[in-house]
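Participant: Here it is: the structure, laid out below.
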Amino acid sequence: MNKPNDAALQEPVFAQVGVALPHESAALHVSGRAPYTDDLPELAGTLHAALGLSPLAHGVVKAIRLDTLRALPGVVDVFSAAAIPGANDCGPLVHDDPILAGEAGATLRWLGQPVFVVVARTRDAARHAAARARDVIVAEPLPPVLDPLQAHAAGQYVVPAMHLTRGEARRAIASAPHRLTTRFAVGGQEQFYLEGQIAYAAPTEGGGMKVWCSTQHPSEMQTVVAHALQRPAHAVQVECRRMGGGFGGKESQSALFACVAAVAAHRLQRPVKLRLDRDDDFMITGRRHGFHFEIEVGHDDEGRVLGVEVDMVSNAGHSADLSAPVMTRALCHFDNAYWLPHVAMHGYSAKTNTQSNTAFRGFGGPQGAIAIEHVMDLLARRLGRDALDVRRLNFYGGPERSTTPYGQPVDDKLLQPLLQQLEASSDYRARRAAIARFNASSPVLKKGLALTPVKFGISFNVVHLNQAGALVHIYTDGSVLVNHGGTEMGQGLNTKVAQVVAHELGIAFESVRVTATDTQKVANTSATAASTGSDLNGKAAQDAAQQLRQRLAAVAAAAWGGDAVAVVFAHGQVRLGEHSMPFAELVNQAYLARVQLWSDGFYATPGLSWDRNTMQGRPFYYFAYGAAVSEVIVDTLTGENRLLRADLLHDAGRSLNPALDIGQVEGAFIQGMGWLTMEELVWHPQTGALLTHAPSTYKIPTANDAPALFHTRLFDADNAVDSIHRSKAVGEPPLLLAFSVFFAIRDAVGTVAAPGVDVPLDAPATPEAILRAVQAVQAVQAIHDRPA
């Protein structure tokens with residue numbers, strides 16, 4: 001009989017990562033006991049602020065008659081830009097974004113721009129006074145520019161144009177066997193976080209200010225508030241325990257509200273809360289950038305892209321905000337999964353008299369990538385080939401086809417096996433044939449099918465932002481407290497960080513508690529954005545926990561004899577050879593031996609480089625991959641449509657928490673589907689008023705829009721680089737899986753005509769847009785059907 005080896009006699013492997021644990025606040029969420037900023041107990045003497053908004057999209061201020069408001073019931077103070085002690089600016093990169101519009105002679109930039117602040121004893125009193133803005137603001141109207149293409153034609157941009165090129169695109173296009181030109185557009189998208197923008201400021205001793213703020217970037221809020229108050233950063237403390245959603249909308253744009261609350265609190269030396277109404281949130285804040293594309297492509301007989309040139313025009317709104325890095329990421333994701341041998345990309349961030357657009361999940365990547373997917377779909381349609389075959393023909397692969405236009409190698413070989421697995425598991429080919437049979441016998445209802453891939457770069461394009469810090473404290477009872485620079489917005493960041501620390505120390509997840517993000521604990525943090533939250537903060541917390549583990553291991557080795565490296569931490573026990581003791585007991589021994597039981601950790605992503613002048617470098621630590629198959633049905637008489645089935649396969653590396661990651665994948669997919677099929681932003685063509693500023697007119701997906709057949713799986717492959725436990729980011733990349741829904745709709749619309757007819761469908765593919773596309777395709781077919 002074989003003798004069992006030592007490994008077989010050991011207890012089960014201890015792991016607190018790679019397991020499907022519930023969100024650390026799940027019980028609080030479902031019971032309504034998770035406190036958000038507005039739920040915090042109000043301090044004695046708390047006042048409430050509201051914003052008076054510009055009634056014009058463009059104009060010049062002649063006067064602001066605030067005296068008429070000061071006598072209103074409940075009003076305590078009214079002020080405009082002149083009352084701000086320091087800089088009247090909250091722009092994150094370019095200082096072109098005033099907190100308040102300004103005094104007489106200032107320019108009004110968009111309808112909804114904050115012009116003055118009312119502070120009152122109650123929120124209702126403040127809002128009623130602020131609602132009189134039309135009577136208070138005297139301004140001379142000017143013609144607004146609302147169309148980004150109009151701004152582009154006039155050379156009106158918030159930042160200089162960007163250009164990213166490789167090879168000789170014009171020559172490649174001109175010499176290609178076939179050429180096509182096309183235009184395409186995708187709309188913007190409202191973040192629609194469930195918790196709106198809110199800030200609560202209270203003066204502290206020595207001229208300090210504490211701000212509780214729903215923000216993805218506490219350190220930036222600290223900086224802009226300090227500038228507005230003309231105080232050093234150490235005088236301002238910003239805290240955020242959790243947000244009710246962010247999606248990028250609270251990365252830079254929470255700054256205006258933090259500044260207003262802080263200035264009001266400073267003026268009155270009383271706590272002041274500013275919580276926006278949903279309509280005002282829509283009217284004041286920006287959202288995902290809408291993009292317009294003009295594309296020229298040269299290709300061969302089979303559909304290989306030989307050369308491509310694209311002009312991208314984004315609607316930046318009235319100021320720069322984050323439009324420059326959004327455009328950079330759009331340019332860097334135009335290739336998506338495809339080798340483009342000769343390419344010329346030109347990015348223009350158009351300045352319009354609308355809200356200043358900002359970060360949104362994907363940060364320009366979805367807009368850039370969907371443009372090349374539009375090209376692949378168009379090529380397949382014109383060549384009469386299955387779009388999947390054309391896509392596969394153009395994939396990265398091989399030594400001569402493995403470098404992005406910005407010079408970063410695509411080293412991993414995940415996309416082909418991932419796609420093959422999904423193609424098989426979704427029965428793509430059989431369903432394609434079945435749908436063709438259905439459509440042949442169904443004159444009104446048409447089905448469509450699409451399989452689309454994703455390659456998404458992970459890291460901030462700005463290299464220095466790829467850093468994070470964390471603090472880990474071990475108390476003498478063995479419980480652990482963690483603080484890090486990331487923010488929790490429902491995505492489960494705190495859960496994953498707690499898992500990482502528990503795993504390193506060999507203790508149960510329940511023994512670790514993560515506290516509110518606080519600028520007085522971890523300083524100079526980056527935004528929780530670019531899908532880097534777990535990568536950066538998980539690594540920083542792991543660093544701190546490893547230092548503590550090493551100190552504790554040294555204590556154990558000194559007590560028992562042996563090598564500290566051989567000490568094992570698992571299942572709440574510490575072992576070395578035949579010796580063992582509970583983790584808490586070892587902690588007590590370390591305390592008595594005067595060993596430091598807290599540590600700070602730090603992490604900076606290695607190997608990154610980026611030259612924004614040449615648009616070349618290695619901006620991403622790694623790529624995340626995915627693919628999706630969507631099947632839809634379209635009513636060609638009304639444009640109504642439904643997603644029948646979705647098969648998602650996403651690359652999360654060695655997942656830290658499969659339950660959280662699958663939730664992120666599915667949520668991102670549905671949010672992306674909303675962007676591409678129903679969420680339409682409409683401005684009044686003359687006044688510039690946003691007409692879709694509430695749930696009554698702006699429609700987001702609901703549970704009823706999820707497909708009845710929803711198959712989501714994580715691809716089984718470790719990250720090739722040294723990420724946190726070889727995991728990969730899942731915040732943004734899965735949103736691009738929703739491309740499959742849009743192109744499935746286009747596939748269905750295309751069946752009302754003979755193969756080869758283009759489908760003029762932009763996003764969002766609302767029922768109205770689909771019906772217009774159906775009628776356009778039918779009109780082309782009617783021309784083809786006429787007798788010669």
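Labeling convention for the structure tokens: chains A, B, ... as they appear, residues from 1 per chain, ligands from 1 in order of appearance.
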Would you list, as JSON, numbers by chain, the residues of stretch 297-414 of chain A that end up in alpha helix (DSSP H) under DSSP run on this structure's backbone?

Facilitator: {"A": [323, 324, 325, 326, 327, 328, 329, 330, 331, 332, 365, 366, 367, 368, 369, 370, 371, 372, 373, 374, 375, 376, 377, 378, 379, 380, 381, 382, 383, 387, 388, 389, 390, 391, 392, 393]}

Participant: What does the file look like for those residues with N, CA, C and O atoms, as a tab-separated table (two decimals), in the first residue's frame?

Facilitator:
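Below is the file that was written, again.tsv:
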```tsv
chain	number	residue	atom	x	y	z
A	323	SER	N	-11.94	65.60	-20.42
A	323	SER	CA	-12.12	65.27	-21.85
A	323	SER	C	-10.82	64.86	-22.53
A	323	SER	O	-10.84	64.03	-23.44
A	324	ALA	N	-9.68	65.42	-22.11
A	324	ALA	CA	-8.42	65.04	-22.75
A	324	ALA	C	-8.07	63.58	-22.48
A	324	ALA	O	-7.81	62.82	-23.42
A	325	PRO	N	-8.05	63.11	-21.23
A	325	PRO	CA	-7.76	61.69	-21.03
A	325	PRO	C	-8.86	60.77	-21.56
A	325	PRO	O	-8.57	59.63	-21.95
A	326	VAL	N	-10.10	61.24	-21.60
A	326	VAL	CA	-11.17	60.44	-22.21
A	326	VAL	C	-10.87	60.24	-23.70
A	326	VAL	O	-10.99	59.12	-24.23
A	327	MET	N	-10.46	61.29	-24.38
A	327	MET	CA	-10.13	61.16	-25.80
A	327	MET	C	-8.89	60.29	-25.99
A	327	MET	O	-8.83	59.48	-26.93
A	328	THR	N	-7.91	60.42	-25.10
A	328	THR	CA	-6.72	59.57	-25.19
A	328	THR	C	-7.11	58.10	-25.13
A	328	THR	O	-6.64	57.27	-25.92
A	329	ARG	N	-7.97	57.76	-24.19
A	329	ARG	CA	-8.38	56.36	-24.04
A	329	ARG	C	-9.22	55.91	-25.23
A	329	ARG	O	-9.13	54.76	-25.66
A	330	ALA	N	-10.03	56.81	-25.78
A	330	ALA	CA	-10.80	56.45	-26.97
A	330	ALA	C	-9.86	56.11	-28.13
A	330	ALA	O	-10.05	55.12	-28.84
A	331	LEU	N	-8.84	56.93	-28.32
A	331	LEU	CA	-7.87	56.68	-29.40
A	331	LEU	C	-7.13	55.36	-29.16
A	331	LEU	O	-6.86	54.60	-30.10
A	332	CYS	N	-6.80	55.08	-27.89
A	332	CYS	CA	-6.04	53.88	-27.56
A	332	CYS	C	-6.90	52.62	-27.57
A	332	CYS	O	-6.37	51.51	-27.40
A	365	GLY	N	-13.01	54.48	-23.65
A	365	GLY	CA	-12.72	53.20	-24.27
A	365	GLY	C	-13.89	52.62	-25.04
A	365	GLY	O	-13.73	52.18	-26.20
A	366	PRO	N	-15.10	52.61	-24.47
A	366	PRO	CA	-16.25	52.09	-25.22
A	366	PRO	C	-16.52	52.86	-26.50
A	366	PRO	O	-16.86	52.27	-27.54
A	367	GLN	N	-16.38	54.19	-26.44
A	367	GLN	CA	-16.65	54.98	-27.63
A	367	GLN	C	-15.64	54.67	-28.73
A	367	GLN	O	-16.01	54.53	-29.91
A	368	GLY	N	-14.36	54.57	-28.38
A	368	GLY	CA	-13.36	54.26	-29.39
A	368	GLY	C	-13.53	52.88	-29.97
A	368	GLY	O	-13.47	52.68	-31.19
A	369	ALA	N	-13.79	51.90	-29.11
A	369	ALA	CA	-13.87	50.50	-29.56
A	369	ALA	C	-15.09	50.24	-30.42
A	369	ALA	O	-15.03	49.44	-31.37
A	370	ILE	N	-16.23	50.87	-30.11
A	370	ILE	CA	-17.43	50.57	-30.89
A	370	ILE	C	-17.30	51.09	-32.32
A	370	ILE	O	-17.94	50.56	-33.24
A	371	ALA	N	-16.44	52.08	-32.54
A	371	ALA	CA	-16.26	52.59	-33.90
A	371	ALA	C	-15.63	51.54	-34.81
A	371	ALA	O	-16.05	51.36	-35.95
A	372	ILE	N	-14.61	50.81	-34.31
A	372	ILE	CA	-14.01	49.78	-35.15
A	372	ILE	C	-14.94	48.58	-35.27
A	372	ILE	O	-14.95	47.89	-36.30
A	373	GLU	N	-15.77	48.33	-34.26
A	373	GLU	CA	-16.76	47.26	-34.39
A	373	GLU	C	-17.80	47.61	-35.45
A	373	GLU	O	-18.29	46.73	-36.18
A	374	HIS	N	-18.12	48.88	-35.55
A	374	HIS	CA	-19.00	49.35	-36.63
A	374	HIS	C	-18.37	49.05	-37.98
A	374	HIS	O	-19.05	48.59	-38.92
A	375	VAL	N	-17.06	49.26	-38.10
A	375	VAL	CA	-16.36	48.97	-39.35
A	375	VAL	C	-16.42	47.48	-39.66
A	375	VAL	O	-16.71	47.08	-40.80
A	376	MET	N	-16.14	46.63	-38.67
A	376	MET	CA	-16.17	45.18	-38.90
A	376	MET	C	-17.55	44.72	-39.35
A	376	MET	O	-17.68	43.90	-40.27
A	377	ASP	N	-18.57	45.25	-38.72
A	377	ASP	CA	-19.94	44.88	-39.08
A	377	ASP	C	-20.27	45.33	-40.50
A	377	ASP	O	-20.88	44.59	-41.28
A	378	LEU	N	-19.83	46.52	-40.85
A	378	LEU	CA	-20.10	47.06	-42.19
A	378	LEU	C	-19.35	46.26	-43.26
A	378	LEU	O	-19.91	45.95	-44.33
A	379	LEU	N	-18.09	45.91	-42.97
A	379	LEU	CA	-17.33	45.10	-43.92
A	379	LEU	C	-18.02	43.76	-44.17
A	379	LEU	O	-18.16	43.31	-45.32
A	380	ALA	N	-18.43	43.10	-43.10
A	380	ALA	CA	-19.09	41.80	-43.24
A	380	ALA	C	-20.36	41.92	-44.05
A	380	ALA	O	-20.65	41.08	-44.91
A	381	ARG	N	-21.11	42.97	-43.81
A	381	ARG	CA	-22.38	43.14	-44.52
A	381	ARG	C	-22.14	43.34	-46.02
A	381	ARG	O	-22.83	42.77	-46.86
A	382	ARG	N	-21.16	44.15	-46.33
A	382	ARG	CA	-20.90	44.43	-47.76
A	382	ARG	C	-20.29	43.23	-48.48
A	382	ARG	O	-20.49	43.07	-49.68
A	383	LEU	N	-19.55	42.41	-47.73
A	383	LEU	CA	-18.92	41.25	-48.36
A	383	LEU	C	-19.79	40.00	-48.30
A	383	LEU	O	-19.42	38.95	-48.84
A	387	ALA	N	-20.20	38.23	-39.67
A	387	ALA	CA	-19.37	39.24	-39.03
A	387	ALA	C	-18.32	38.62	-38.11
A	387	ALA	O	-17.22	39.17	-37.96
A	388	LEU	N	-18.63	37.49	-37.49
A	388	LEU	CA	-17.65	36.83	-36.63
A	388	LEU	C	-16.42	36.43	-37.43
A	388	LEU	O	-15.29	36.56	-36.96
A	389	ASP	N	-16.61	35.96	-38.65
A	389	ASP	CA	-15.48	35.53	-39.47
A	389	ASP	C	-14.61	36.71	-39.86
A	389	ASP	O	-13.37	36.60	-39.91
A	390	VAL	N	-15.21	37.84	-40.15
A	390	VAL	CA	-14.43	39.04	-40.49
A	390	VAL	C	-13.69	39.53	-39.25
A	390	VAL	O	-12.51	39.93	-39.34
A	391	ARG	N	-14.33	39.50	-38.12
A	391	ARG	CA	-13.66	39.92	-36.88
A	391	ARG	C	-12.45	39.03	-36.61
A	391	ARG	O	-11.35	39.52	-36.33
A	392	ARG	N	-12.64	37.73	-36.69
A	392	ARG	CA	-11.57	36.79	-36.40
A	392	ARG	C	-10.40	36.98	-37.36
A	392	ARG	O	-9.23	36.87	-36.97
A	393	LEU	N	-10.69	37.30	-38.60
A	393	LEU	CA	-9.67	37.50	-39.61
A	393	LEU	C	-8.74	38.67	-39.25
A	393	LEU	O	-7.57	38.69	-39.62
```

Participant: Could you give me, as a ChimeraX atom specification, the residues within 6 Å of stretch 103-119 of chain A, counting only C-alpha atoms and dropping anything in the same chain fewer than 6 positions from it?

Facilitator: /A:48-63,76-80,126,283-284,353-354,689

Participant: Which neighbours of stretch 782-786 of chain A fall inside 12 Å, counting only C-alpha atoms, when residues of the same chain fewer than 6 positions from it are skipped, and could you give them as a list in words?

Facilitator: Val752, Ala753, Ala754, Pro755, Gly756, Val757, Gln775 and Ala776 of chain A

Participant: Give me the residues within 10 Å of A:Gly572 as a PyMOL selection string, counting only C-alpha atoms and dropping any in the same chain fewer than 6 places off.

Facilitator: chain A and resi 14+478+502+505-508+511+581-584

Participant: Those residues with N, CA, C and O atoms, as a short mmCIF file (atom, residue, chain, number, x, y, z; two decimals), in the first residue's frame please?

Facilitator:
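Once written, result-v4.cif looks like this:
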```cif
data_model
loop_
_atom_site.label_atom_id
_atom_site.label_comp_id
_atom_site.auth_asym_id
_atom_site.auth_seq_id
_atom_site.Cartn_x
_atom_site.Cartn_y
_atom_site.Cartn_z
N PHE A 14 -5.92 26.87 3.13
CA PHE A 14 -6.60 28.06 3.62
C PHE A 14 -6.62 29.11 2.52
O PHE A 14 -5.59 29.40 1.91
N GLY A 478 -6.72 40.32 18.25
CA GLY A 478 -6.56 39.64 16.97
C GLY A 478 -7.43 40.19 15.86
O GLY A 478 -7.33 39.72 14.71
N ALA A 502 -7.09 39.40 5.07
CA ALA A 502 -7.40 38.17 5.81
C ALA A 502 -6.56 37.00 5.30
O ALA A 502 -6.05 36.19 6.08
N LEU A 505 -2.88 37.25 6.51
CA LEU A 505 -2.68 37.03 7.94
C LEU A 505 -3.23 35.69 8.39
O LEU A 505 -3.10 35.33 9.58
N GLY A 506 -3.87 34.95 7.48
CA GLY A 506 -4.36 33.63 7.83
C GLY A 506 -5.54 33.64 8.77
O GLY A 506 -5.72 32.71 9.57
N ILE A 507 -6.36 34.68 8.70
CA ILE A 507 -7.51 34.80 9.61
C ILE A 507 -8.80 34.85 8.79
O ILE A 507 -8.78 35.00 7.56
N ALA A 508 -9.91 34.75 9.46
CA ALA A 508 -11.21 34.75 8.79
C ALA A 508 -11.53 36.15 8.27
O ALA A 508 -11.15 37.16 8.88
N SER A 511 -12.89 38.75 10.57
CA SER A 511 -11.99 39.39 11.56
C SER A 511 -11.43 40.71 11.06
O SER A 511 -10.71 41.40 11.81
N MET A 581 -0.32 28.12 17.89
CA MET A 581 -1.10 28.92 18.83
C MET A 581 -2.10 29.76 18.03
O MET A 581 -1.89 30.01 16.84
N PRO A 582 -3.17 30.20 18.68
CA PRO A 582 -4.12 31.08 17.98
C PRO A 582 -3.44 32.38 17.56
O PRO A 582 -2.52 32.88 18.23
N PHE A 583 -3.91 32.93 16.45
CA PHE A 583 -3.37 34.19 15.94
C PHE A 583 -3.42 35.27 17.01
O PHE A 583 -2.43 36.00 17.21
N ALA A 584 -4.55 35.40 17.72
CA ALA A 584 -4.70 36.46 18.73
C ALA A 584 -3.68 36.31 19.85
O ALA A 584 -3.18 37.31 20.39
#
```

Participant: Separation of atom CA of A:Gln686 and atom CA of A:Val145, in Å?

Facilitator: 9.6 Å

Participant: Taking 2 positions as the minimum chain separation for residues in the same chain, which residues sit within 8 Å of stretch 545-547 of chain A when counting only C-alpha atoms? Answer as a CSV table (one decimal) with C-alpha atoms, in the first residue's frame.

Facilitator:
```
chain,number,residue,atom,x,y,z
A,472,VAL,CA,-3.4,47.9,8.5
A,501,VAL,CA,-5.6,41.2,4.2
A,504,GLU,CA,-2.2,37.3,4.2
A,505,LEU,CA,-2.7,37.0,7.9
A,541,ALA,CA,-3.0,46.5,1.7
A,542,GLN,CA,-1.2,43.3,0.9
A,543,ASP,CA,2.1,45.1,1.3
A,549,ARG,CA,3.0,38.9,9.1
A,550,GLN,CA,6.8,39.1,8.9
A,551,ARG,CA,7.0,40.8,12.3
A,599,SER,CA,1.9,49.1,9.2
A,601,GLY,CA,1.7,49.7,2.7
```

Participant: List every residue of stretch 45-140 of chain A that has an atom at most 8 Å from any atom of stretch 223-245 of chain A, and for each one report the closest atom pair and its distance in Å to one decimal, counting only C-alpha atoms, with rows sorted by chain and then by increasing residue number, as CSV.

Facilitator:
```
residue,atom,partner,partner_atom,distance
A:Ile84,CA,A:Ala228,CA,6.4
A:Pro85,CA,A:Leu229,CA,5.3
A:Gly86,CA,A:Ala228,CA,4.3
A:Ala87,CA,A:Ala228,CA,4.9
A:Asn88,CA,A:Ala228,CA,6.3
A:Asp89,CA,A:Ala228,CA,7.4
A:Cys90,CA,A:Val224,CA,6.0
```
